[in-house]
file structure01.csv (CSV, C-alpha atoms)
chain,number,residue,atom,x,y,z
A,62,MET,CA,125.8,-23.2,121.4
A,63,GLN,CA,126.5,-20.2,123.7
A,64,GLU,CA,122.8,-19.2,123.1
A,65,LEU,CA,121.7,-22.1,125.2
A,66,VAL,CA,124.0,-21.2,128.1
A,67,GLN,CA,123.2,-17.5,127.9
A,68,GLY,CA,119.4,-18.3,127.7
A,69,LEU,CA,119.7,-20.2,131.0
A,70,GLY,CA,121.5,-17.3,132.7
A,71,LEU,CA,124.7,-19.2,133.1
A,72,ALA,CA,128.2,-17.9,132.3
A,73,PRO,CA,130.1,-19.8,129.7
A,74,PHE,CA,132.3,-22.6,131.2
A,75,GLN,CA,135.8,-21.6,132.2
A,76,GLN,CA,138.0,-24.2,133.9
A,77,ARG,CA,139.1,-23.4,137.4
A,78,TRP,CA,142.7,-23.3,138.7
A,79,PRO,CA,144.4,-25.6,139.4
A,80,TRP,CA,142.2,-28.0,137.5
A,81,ILE,CA,143.5,-27.0,134.1
A,82,GLY,CA,143.4,-29.3,131.1
A,83,PRO,CA,141.4,-32.4,130.2
A,84,ASP,CA,143.1,-34.8,132.6
A,85,LEU,CA,143.0,-32.7,135.8
A,86,GLN,CA,139.4,-31.8,135.0
A,87,THR,CA,138.6,-35.5,134.7
A,88,LEU,CA,140.5,-36.5,137.8
A,89,ARG,CA,139.6,-33.6,140.1
A,90,ASP,CA,137.2,-35.7,142.3
A,91,THR,CA,139.8,-38.5,142.5
A,92,PHE,CA,142.7,-36.2,143.6
A,93,LYS,CA,140.6,-34.0,145.8
A,94,PRO,CA,137.2,-35.5,146.7
A,95,PRO,CA,134.6,-32.9,147.5
A,96,LEU,CA,133.6,-32.6,151.2
A,97,LEU,CA,130.0,-33.9,150.8
A,98,PRO,CA,127.6,-34.3,153.7
A,99,PRO,CA,126.9,-37.8,155.0
A,100,ASP,CA,124.8,-39.9,152.6
A,101,GLN,CA,121.3,-39.9,153.9
A,102,GLY,CA,119.7,-41.7,151.0
A,103,GLU,CA,117.0,-44.3,151.8
A,104,PRO,CA,117.6,-47.7,150.1
A,105,LEU,CA,114.9,-48.9,147.8
A,106,ALA,CA,115.1,-52.3,146.1
A,107,LEU,CA,113.5,-52.4,142.6
A,108,ALA,CA,112.5,-55.7,141.2
A,109,VAL,CA,113.6,-56.3,137.6
A,110,GLY,CA,112.6,-59.9,137.1
A,111,ASP,CA,114.2,-63.4,137.7
A,112,GLN,CA,114.2,-62.6,141.4
A,113,ALA,CA,116.8,-59.9,140.8
A,114,SER,CA,116.6,-56.3,142.0
A,115,LEU,CA,118.5,-53.0,141.5
A,116,LEU,CA,119.1,-50.8,144.5
A,117,ALA,CA,118.2,-47.1,144.4
A,118,MET,CA,119.2,-44.6,147.0
A,119,VAL,CA,116.2,-42.3,147.4
A,120,ASP,CA,116.9,-38.6,148.2
A,121,PRO,CA,114.0,-36.2,148.9
A,122,PRO,CA,114.0,-32.6,147.8
A,123,ARG,CA,115.7,-30.3,150.2
A,124,PRO,CA,113.2,-28.3,152.3
A,125,VAL,CA,113.3,-24.5,152.1
A,126,ALA,CA,113.3,-24.2,155.9
A,127,PRO,CA,114.4,-26.7,158.6
A,128,GLY,CA,111.6,-29.0,159.8
A,129,GLN,CA,109.5,-28.5,156.7
A,130,ARG,CA,108.8,-31.2,154.1
A,131,ALA,CA,109.2,-30.2,150.5
A,132,GLU,CA,106.9,-31.5,147.8
A,133,PRO,CA,109.0,-32.7,144.9
A,134,ARG,CA,108.8,-30.8,141.6
A,135,GLY,CA,109.6,-34.0,139.8
A,136,LEU,CA,111.5,-37.3,140.2
A,137,VAL,CA,115.0,-37.7,138.7
A,138,VAL,CA,116.4,-41.1,138.0
A,139,LEU,CA,120.2,-40.5,138.2
A,140,LEU,CA,122.6,-43.1,136.7
A,141,HIS,CA,126.4,-43.5,137.2
A,142,GLY,CA,128.9,-44.4,134.6
A,143,LEU,CA,131.4,-47.3,134.0
A,144,GLY,CA,132.8,-48.6,137.2
A,145,GLY,CA,130.7,-46.3,139.3
A,146,SER,CA,127.9,-46.5,141.8
A,147,SER,CA,125.4,-44.4,143.8
A,148,GLU,CA,128.4,-43.6,146.1
A,149,ARG,CA,130.6,-41.8,143.6
A,150,GLU,CA,131.4,-38.2,144.4
A,151,GLY,CA,130.3,-36.7,141.0
A,152,LEU,CA,127.0,-38.6,141.1
A,153,ARG,CA,126.3,-37.6,144.7
A,154,ARG,CA,127.1,-33.9,144.0
A,155,MET,CA,124.8,-33.9,141.0
A,156,GLY,CA,122.1,-35.4,143.2
A,157,LEU,CA,122.6,-32.7,145.9
A,158,SER,CA,122.2,-30.0,143.2
A,159,LEU,CA,119.0,-31.6,142.0
A,160,GLN,CA,117.7,-31.9,145.6
A,161,ALA,CA,118.5,-28.3,146.3
A,162,ALA,CA,116.4,-27.4,143.2
A,163,GLY,CA,113.4,-29.2,144.5
A,164,PHE,CA,113.6,-32.6,142.8
A,165,ALA,CA,113.4,-36.0,144.4
A,166,VAL,CA,116.3,-38.2,143.2
A,167,TRP,CA,116.8,-41.9,142.8
A,168,ARG,CA,120.5,-42.6,142.6
A,169,LEU,CA,120.4,-46.0,140.9
A,170,ASN,CA,123.0,-48.7,141.3
A,171,LEU,CA,123.2,-50.7,138.0
A,172,ARG,CA,123.3,-54.5,138.1
A,173,GLY,CA,126.3,-55.5,140.2
A,174,ALA,CA,127.3,-52.0,141.2
A,175,GLY,CA,128.1,-50.6,144.7
A,176,PRO,CA,125.8,-51.4,147.6
A,177,GLY,CA,123.4,-53.1,145.1
A,178,ARG,CA,125.9,-55.9,144.4
A,179,PRO,CA,124.0,-58.5,146.6
A,180,LEU,CA,120.7,-58.0,144.9
A,181,ALA,CA,121.3,-59.3,141.4
A,182,PRO,CA,123.8,-61.6,139.6
A,183,GLY,CA,126.0,-60.4,136.8
A,184,THR,CA,126.9,-57.0,135.6
A,185,TYR,CA,125.4,-54.2,133.5
A,186,ALA,CA,125.8,-53.2,129.9
A,187,ALA,CA,125.5,-50.0,127.8
A,188,ARG,CA,122.1,-51.3,126.7
A,189,CYS,CA,120.3,-52.9,129.6
A,190,ASP,CA,116.7,-52.2,128.8
A,191,ARG,CA,115.4,-55.2,130.5
A,192,ASP,CA,116.8,-53.8,133.8
A,193,LEU,CA,116.1,-50.1,133.2
A,194,LEU,CA,112.6,-50.3,131.8
A,195,PRO,CA,111.1,-51.9,134.9
A,196,VAL,CA,112.8,-49.3,137.1
A,197,LEU,CA,111.5,-46.5,134.9
A,198,LEU,CA,108.0,-48.0,135.1
A,199,ARG,CA,108.2,-48.1,138.9
A,200,ALA,CA,109.6,-44.6,139.0
A,201,ARG,CA,106.7,-43.4,136.8
A,202,GLU,CA,104.3,-44.8,139.3
A,203,GLN,CA,106.1,-43.1,142.1
A,204,ALA,CA,106.2,-39.7,140.3
A,205,GLY,CA,102.4,-39.8,139.8
A,206,SER,CA,101.4,-36.6,138.0
A,207,ARG,CA,104.9,-35.0,138.4
A,208,PRO,CA,107.5,-35.2,135.6
A,209,LEU,CA,109.8,-38.2,135.4
A,210,LEU,CA,113.3,-37.1,134.4
A,211,GLY,CA,116.5,-38.9,133.6
A,212,VAL,CA,120.1,-37.7,134.2
A,213,GLY,CA,123.0,-39.9,133.2
A,214,ILE,CA,126.7,-39.4,133.7
A,215,SER,CA,129.0,-41.0,131.1
A,216,LEU,CA,127.8,-44.5,130.3
A,217,GLY,CA,124.7,-43.9,132.4
A,218,GLY,CA,123.5,-41.4,129.8
A,219,THR,CA,124.0,-44.0,127.1
A,220,MET,CA,121.8,-46.4,129.0
A,221,LEU,CA,119.1,-43.9,129.4
A,222,LEU,CA,119.2,-42.9,125.8
A,223,ASN,CA,118.8,-46.5,124.8
A,224,ALA,CA,115.9,-47.0,127.2
A,225,ALA,CA,114.2,-43.8,125.9
A,226,LEU,CA,114.5,-45.0,122.3
A,227,ALA,CA,113.2,-48.5,123.2
A,228,ALA,CA,110.2,-47.1,125.1
A,229,PRO,CA,109.0,-43.7,123.9
A,230,GLY,CA,107.3,-41.8,126.8
A,231,ALA,CA,109.3,-43.6,129.5
A,232,LEU,CA,110.9,-40.3,130.4
A,233,ASP,CA,109.7,-36.7,130.2
A,234,ALA,CA,113.2,-35.2,129.7
A,235,LEU,CA,116.7,-36.5,129.7
A,236,VAL,CA,120.2,-35.0,130.3
A,237,CYS,CA,123.4,-36.9,129.3
A,238,THR,CA,126.8,-35.7,130.4
A,239,SER,CA,129.9,-36.9,128.5
A,240,SER,CA,128.0,-39.9,127.3
A,241,PRO,CA,129.3,-42.4,124.6
A,242,LEU,CA,127.2,-42.5,121.5
A,243,ASP,CA,129.4,-44.8,119.5
A,244,LEU,CA,130.9,-47.6,121.6
A,245,ALA,CA,133.4,-48.8,119.0
A,246,ARG,CA,135.0,-45.4,118.7
A,247,CYS,CA,134.9,-45.0,122.4
A,248,SER,CA,136.9,-48.2,123.0
A,249,GLN,CA,139.4,-47.0,120.3
A,250,GLN,CA,139.9,-43.8,122.1
A,251,ILE,CA,140.4,-45.3,125.6
A,252,GLU,CA,143.0,-47.6,124.1
A,253,GLN,CA,145.2,-44.7,123.0
A,254,PRO,CA,148.6,-44.6,124.7
A,255,ARG,CA,147.8,-41.4,126.5
A,256,ASN,CA,144.8,-43.2,128.2
A,257,ARG,CA,146.8,-46.3,129.4
A,258,VAL,CA,146.4,-45.4,133.1
A,259,TYR,CA,142.7,-44.7,132.7
A,260,GLN,CA,142.1,-48.0,131.1
A,261,ARG,CA,144.0,-49.9,133.7
A,262,TRP,CA,142.1,-48.2,136.5
A,263,LEU,CA,138.7,-48.9,134.8
A,264,LEU,CA,139.7,-52.6,134.1
A,265,ARG,CA,140.6,-53.2,137.8
A,266,ARG,CA,137.3,-51.8,138.9
A,267,LEU,CA,135.3,-53.9,136.3
A,268,CYS,CA,137.1,-57.1,137.0
A,269,ALA,CA,136.8,-56.7,140.8
A,270,GLN,CA,133.1,-55.9,140.5
A,271,THR,CA,132.6,-59.0,138.3
A,272,LEU,CA,134.6,-61.4,140.5
A,273,ALA,CA,132.9,-60.1,143.7
A,274,ASP,CA,129.5,-61.5,142.5
A,275,PRO,CA,128.0,-63.3,145.5
A,276,PHE,CA,126.0,-65.4,143.1
A,277,GLY,CA,129.2,-66.7,141.7
A,278,VAL,CA,131.0,-66.6,138.3
A,279,SER,CA,131.5,-69.4,135.9
A,280,ALA,CA,134.8,-71.2,135.7
A,281,ALA,CA,135.2,-69.9,132.2
A,282,GLU,CA,134.6,-66.3,133.2
A,283,ARG,CA,137.0,-66.6,136.1
A,284,TRP,CA,139.7,-68.0,133.9
A,285,ALA,CA,139.0,-65.3,131.3
A,286,LEU,CA,139.6,-62.6,134.0
A,287,GLU,CA,142.4,-64.2,136.0
A,288,GLY,CA,144.2,-66.4,133.5
A,289,PRO,CA,147.3,-65.6,131.4
A,290,ASP,CA,145.1,-64.1,128.6
A,291,ARG,CA,143.1,-61.8,131.0
A,292,PRO,CA,141.7,-58.6,129.4
A,293,ARG,CA,144.2,-55.8,128.9
A,294,THR,CA,141.6,-53.5,127.3
A,295,ILE,CA,138.0,-52.5,127.9
A,296,ARG,CA,137.1,-54.0,124.5
A,297,ALA,CA,138.7,-57.4,125.6
A,298,PHE,CA,136.6,-57.3,128.8
A,299,ASP,CA,133.5,-56.6,126.8
A,300,ALA,CA,134.3,-59.5,124.5
A,301,ALA,CA,134.9,-61.9,127.4
A,302,ILE,CA,132.2,-60.8,129.8
A,303,THR,CA,129.7,-58.1,128.7
A,304,ALA,CA,128.7,-59.3,125.2
A,305,PRO,CA,128.1,-63.0,126.1
A,306,ARG,CA,126.3,-62.1,129.3
A,307,TRP,CA,123.8,-59.9,127.5
A,308,GLY,CA,123.2,-62.3,124.6
A,309,TYR,CA,125.3,-60.6,121.9
A,310,ARG,CA,127.2,-62.7,119.3
A,311,SER,CA,130.4,-60.8,119.6
A,312,VAL,CA,131.8,-57.6,121.0
A,313,GLU,CA,131.3,-56.1,117.5
A,314,HIS,CA,127.7,-57.0,117.6
A,315,TYR,CA,127.4,-55.6,121.2
A,316,TYR,CA,129.0,-52.3,120.2
A,317,GLN,CA,126.7,-52.0,117.1
A,318,GLU,CA,123.5,-52.8,118.9
A,319,ALA,CA,124.2,-50.9,122.1
A,320,SER,CA,125.4,-47.6,120.4
A,321,PRO,CA,122.5,-45.2,120.3
A,322,LEU,CA,124.0,-43.0,117.6
A,323,PRO,CA,122.7,-45.0,114.6
A,324,ARG,CA,119.2,-44.9,115.9
A,325,LEU,CA,119.4,-41.3,116.9
A,326,LEU,CA,120.4,-40.5,113.3
A,327,GLY,CA,117.5,-42.6,112.1
A,328,ALA,CA,119.6,-45.1,110.2
A,329,HIS,CA,118.2,-48.6,109.4
A,330,GLY,CA,119.6,-51.6,107.7
A,331,ASP,CA,117.1,-51.3,104.9
A,332,GLY,CA,118.2,-47.8,104.0
A,333,SER,CA,115.1,-46.1,105.4
A,334,SER,CA,115.2,-43.4,108.1
A,335,ASP,CA,112.8,-42.3,110.7
A,336,PRO,CA,113.2,-39.5,113.3
A,337,PRO,CA,113.8,-41.0,116.8
A,338,ALA,CA,111.1,-40.6,119.4
A,339,LEU,CA,112.9,-38.8,122.2
A,340,PRO,CA,111.7,-36.6,125.0
A,341,PRO,CA,113.4,-33.2,125.3
A,342,THR,CA,117.0,-34.1,125.6
A,343,LEU,CA,120.3,-32.2,126.5
A,344,LEU,CA,123.7,-33.6,125.7
A,345,LEU,CA,126.7,-32.0,127.3
A,346,HIS,CA,130.2,-32.8,125.9
A,347,ALA,CA,133.6,-31.2,126.2
A,348,LEU,CA,135.7,-31.0,123.1
A,349,ASP,CA,138.8,-32.1,125.1
A,350,ASP,CA,137.1,-35.2,126.6
A,351,PRO,CA,140.0,-37.7,126.9
A,352,TRP,CA,137.7,-40.8,127.2
A,353,VAL,CA,134.8,-40.3,124.9
A,354,PRO,CA,135.2,-39.0,121.4
A,355,VAL,CA,133.2,-35.9,120.6
A,356,SER,CA,132.5,-37.0,117.0
A,357,GLY,CA,129.3,-38.7,118.0
A,358,ALA,CA,127.8,-35.7,119.7
A,359,GLN,CA,129.0,-33.5,116.7
A,360,ALA,CA,127.2,-35.8,114.3
A,361,LEU,CA,124.1,-35.6,116.3
A,362,ALA,CA,124.2,-31.8,116.6
A,363,ALA,CA,124.5,-31.6,112.8
A,364,GLN,CA,121.1,-33.3,112.4
A,365,SER,CA,119.3,-30.6,114.5
A,366,LEU,CA,116.8,-33.2,115.8
A,367,PRO,CA,113.6,-31.7,117.3
A,368,GLY,CA,113.8,-31.4,121.0
A,369,VAL,CA,117.5,-32.4,121.2
A,370,GLU,CA,120.0,-29.8,122.3
A,371,VAL,CA,123.8,-30.4,122.3
A,372,GLU,CA,126.1,-28.2,124.3
A,373,PHE,CA,129.8,-28.2,123.6
A,374,THR,CA,132.5,-26.7,125.8
A,375,ALA,CA,136.1,-26.2,124.7
A,376,ARG,CA,137.3,-27.5,128.0
A,377,GLY,CA,135.9,-29.7,130.8
A,378,GLY,CA,137.5,-33.2,130.3
A,379,HIS,CA,135.3,-36.2,131.0
A,380,ASN,CA,132.5,-35.3,133.3
A,381,GLY,CA,134.7,-32.6,134.8
A,382,PHE,CA,133.3,-29.1,134.2
A,383,HIS,CA,134.9,-27.7,137.4
A,384,GLY,CA,134.5,-24.0,136.6
A,385,VAL,CA,135.2,-20.6,137.8
A,386,GLY,CA,132.6,-19.5,140.4
A,387,ASP,CA,131.5,-23.1,141.3
A,388,ALA,CA,129.7,-23.4,144.6
A,389,PRO,CA,131.3,-25.9,147.1
A,390,LEU,CA,128.7,-28.6,146.4
A,391,SER,CA,128.1,-28.0,142.7
A,392,CYS,CA,130.0,-27.8,139.5
A,393,TRP,CA,129.2,-26.0,136.2
A,394,GLY,CA,127.8,-29.2,134.7
A,395,ASP,CA,125.5,-29.7,137.6
A,396,GLN,CA,124.2,-26.1,137.3
A,397,LEU,CA,123.6,-26.5,133.6
A,398,THR,CA,121.6,-29.6,134.2
A,399,VAL,CA,119.5,-28.0,137.0
A,400,ARG,CA,118.8,-24.8,135.0
A,401,TRP,CA,117.9,-26.7,131.8
A,402,LEU,CA,115.4,-28.9,133.7
A,403,ASN,CA,114.0,-25.8,135.5
A,404,ARG,CA,113.4,-24.2,132.1
A,405,LEU,CA,111.4,-27.2,130.9
A,406,LEU,CA,109.2,-27.2,134.0
A,407,VAL,CA,108.2,-23.6,133.8
A,408,ARG,CA,107.2,-23.7,130.1
call {"tool": "encode", "arguments": {"input": "structure01.csv", "output": "structure tokens"}}
result
Amino acid sequence: MQELVQGLGLAPFQQRWPWIGPDLQTLRDTFKPPLLPPDQGEPLALAVGDQASLLAMVDPPRPVAPGQRAEPRGLVVLLHGLGGSSEREGLRRMGLSLQAAGFAVWRLNLRGAGPGRPLAPGTYAARCDRDLLPVLLRAREQAGSRPLLGVGISLGGTMLLNAALAAPGALDALVCTSSPLDLARCSQQIEQPRNRVYQRWLLRRLCAQTLADPFGVSAAERWALEGPDRPRTIRAFDAAITAPRWGYRSVEHYYQEASPLPRLLGAHGDGSSDPPALPPTLLLHALDDPWVPVSGAQALAAQSLPGVEVEFTARGGHNGFHGVGDAPLSCWGDQLTVRWLNRLLVR
């Protein structure tokens, strides 16, 4: 869809040396973390029920001149992916790009993640509406008459899609970067031999995050994570921890119910179909993404749903998009997000 990129005045994506290929694009921030300014976000605890809260780091829009206070053009709720937090480099860089464009940003830590770990027991899931919808309601109050926008990186985009489908009108626009639409296929892809190192890295983060719960973990969960049959795959972790914690009968049931693709395609068990009620939505996906299969985004693009735009790049890896001509504190994917949101606001 080069028409979209050209219409936004952005050059087509070209990967930047030496970050050539899907894996180096994916791992660029790990191998060479960007030199970001100190994190000046203000912590905001957001109640989600049962005496639990999620922690957002609140970033104001960047003023045009020193000493001035900028009025936000809108409020962006920005979500990290699996094993991430508000402190991850890619999320912070996206937030800085949005701030520079005049948006206020809430970098949300999902349940159990990052500096929000002490505020809520348990961990998050790909469909966590009972956590996200109270946050979006509070964000709507904070936004007032200004637009409320969602930006999700990887699994964060999946969560926002699920929330938008569950509560039409919760968001005024949504951008999802490298987001899984079919969780079963995603788990199959991450289990491929080429992704063994990725899976081990993600599992270590997920298990450590779970076991560090200050509210405690059950003896059965601890044994499941530390015993001889501890998870060797993301699917096994979801079967042992995520699915039962969020009330699903099995990992298969969790993947089915938490995958937004069937609802996005309007499929129902009785054979009927209805178009989904989504705000204007952009999905960005690289064809060479090593973690998340592109087939879900391709199936969605083939439907030409009203208000839903899907942009594919030949290269870019998983939430990489480190391109020729990138600014020091912004990558091509960040700029696409900012320009797409800008276009919506000036209509």
call {"tool": "atom_distance", "arguments": {"input": "structure01.csv", "atom1": "atom CA of Gly211 of chain A", "atom2": "atom CA of Pro122 of chain A"}}
result
15.7 Å
call {"tool": "closest_residue", "arguments": {"input": "structure01.csv", "among": "A:Val66, A:Ile81, A:Ala186, A:Leu88", "to": "Trp307 of chain A", "atoms": "only C-alpha atoms"}}
result
A:Ala186
call {"tool": "atom_distance", "arguments": {"input": "structure01.csv", "atom1": "atom CA of Arg404 of chain A", "atom2": "atom CA of Arg130 of chain A"}}
result
23.5 Å
call {"tool": "closest_residue", "arguments": {"input": "structure01.csv", "among": "A:Cys247, A:Val258, A:Ala269, A:Ala375", "to": "Arg296 of chain A", "atoms": "all atoms listed in the file"}}
result
A:Cys247
call {"tool": "residues_around", "arguments": {"input": "structure01.csv", "residues": "Ile214 of chain A", "least_positions_apart": "3", "cutoff": "10 Å", "atoms": "only C-alpha atoms", "output": "number ranges by chain"}}
result
A: 139-143, 145, 151-152, 155, 217-221, 236-241, 345, 379-380
call {"tool": "atom_distance", "arguments": {"input": "structure01.csv", "atom1": "atom CA of Trp167 of chain A", "atom2": "atom CA of Tyr309 of chain A"}}
result
29.3 Å
call {"tool": "closest_residue", "arguments": {"input": "structure01.csv", "among": "A:Leu325, A:Ala319, A:Leu267, A:Ala131", "to": "Asp190 of chain A", "atoms": "all atoms listed in the file"}}
result
A:Ala319
call {"tool": "residues_around", "arguments": {"input": "structure01.csv", "residues": "Val109 of chain A", "least_positions_apart": "2", "cutoff": "12 Å", "atoms": "only C-alpha atoms", "output": "number ranges by chain"}}
result
A: 106-107, 111-116, 171-172, 180-182, 189-199
call {"tool": "residues_near_point", "arguments": {"input": "structure01.csv", "point": "(138.0, -54.7, 140.7)", "cutoff": "12 Å", "atoms": "only C-alpha atoms", "output": "MDAnalysis selection string"}}
result
chainID A and resid 143:145 173:175 261:274 286:287
call {"tool": "closest_residue", "arguments": {"input": "structure01.csv", "among": "A:Gly230, A:Pro104, A:Gly394, A:Pro354", "to": "Gly177 of chain A", "atoms": "all atoms listed in the file"}}
result
A:Pro104
call {"tool": "closest_residue", "arguments": {"input": "structure01.csv", "among": "A:Phe373, A:Gly386, A:Ala225, A:Leu402", "to": "Pro337 of chain A", "atoms": "only C-alpha atoms"}}
result
A:Ala225
call {"tool": "closest_residue", "arguments": {"input": "structure01.csv", "among": "A:Arg134, A:Asn256, A:Leu348, A:Ser320", "to": "Ser206 of chain A", "atoms": "only C-alpha atoms"}}
result
A:Arg134
call {"tool": "residues_near_point", "arguments": {"input": "structure01.csv", "point": "(123.7, -58.1, 126.9)", "cutoff": "12 Å", "atoms": "all atoms listed in the file", "output": "PyMOL selection string"}}
result
chain A and resi 172+183-192+299-312+314-319
call {"tool": "residues_around", "arguments": {"input": "structure01.csv", "residues": "Gly377 of chain A", "least_positions_apart": "5", "cutoff": "10 Å", "atoms": "only C-alpha atoms", "output": "JSON, numbers by chain"}}
result
{"A": [74, 75, 76, 77, 80, 81, 82, 83, 84, 85, 86, 87, 239, 346, 347, 348, 349, 350, 351, 382, 383, 384, 393, 394]}
call {"tool": "residues_around", "arguments": {"input": "structure01.csv", "residues": "Gly357 of chain A", "least_positions_apart": "4", "cutoff": "8 Å", "atoms": "all atoms listed in the file", "output": "list in words"}}
result
Pro241, Leu242, Asp243, Leu322 and Leu361 of chain A
call {"tool": "write_last_selection", "arguments": {"input": "structure01.csv", "atoms": "C-alpha atoms", "output": "PDB file, in the frame of the given file"}}
result
ATOM      1  CA  PRO A 241     129.300 -42.400 124.600  1.00  0.00           C
ATOM      2  CA  LEU A 242     127.200 -42.500 121.500  1.00  0.00           C
ATOM      3  CA  ASP A 243     129.400 -44.800 119.500  1.00  0.00           C
ATOM      4  CA  LEU A 322     124.000 -43.000 117.600  1.00  0.00           C
ATOM      5  CA  LEU A 361     124.100 -35.600 116.300  1.00  0.00           C
TER       6      LEU A 361
END
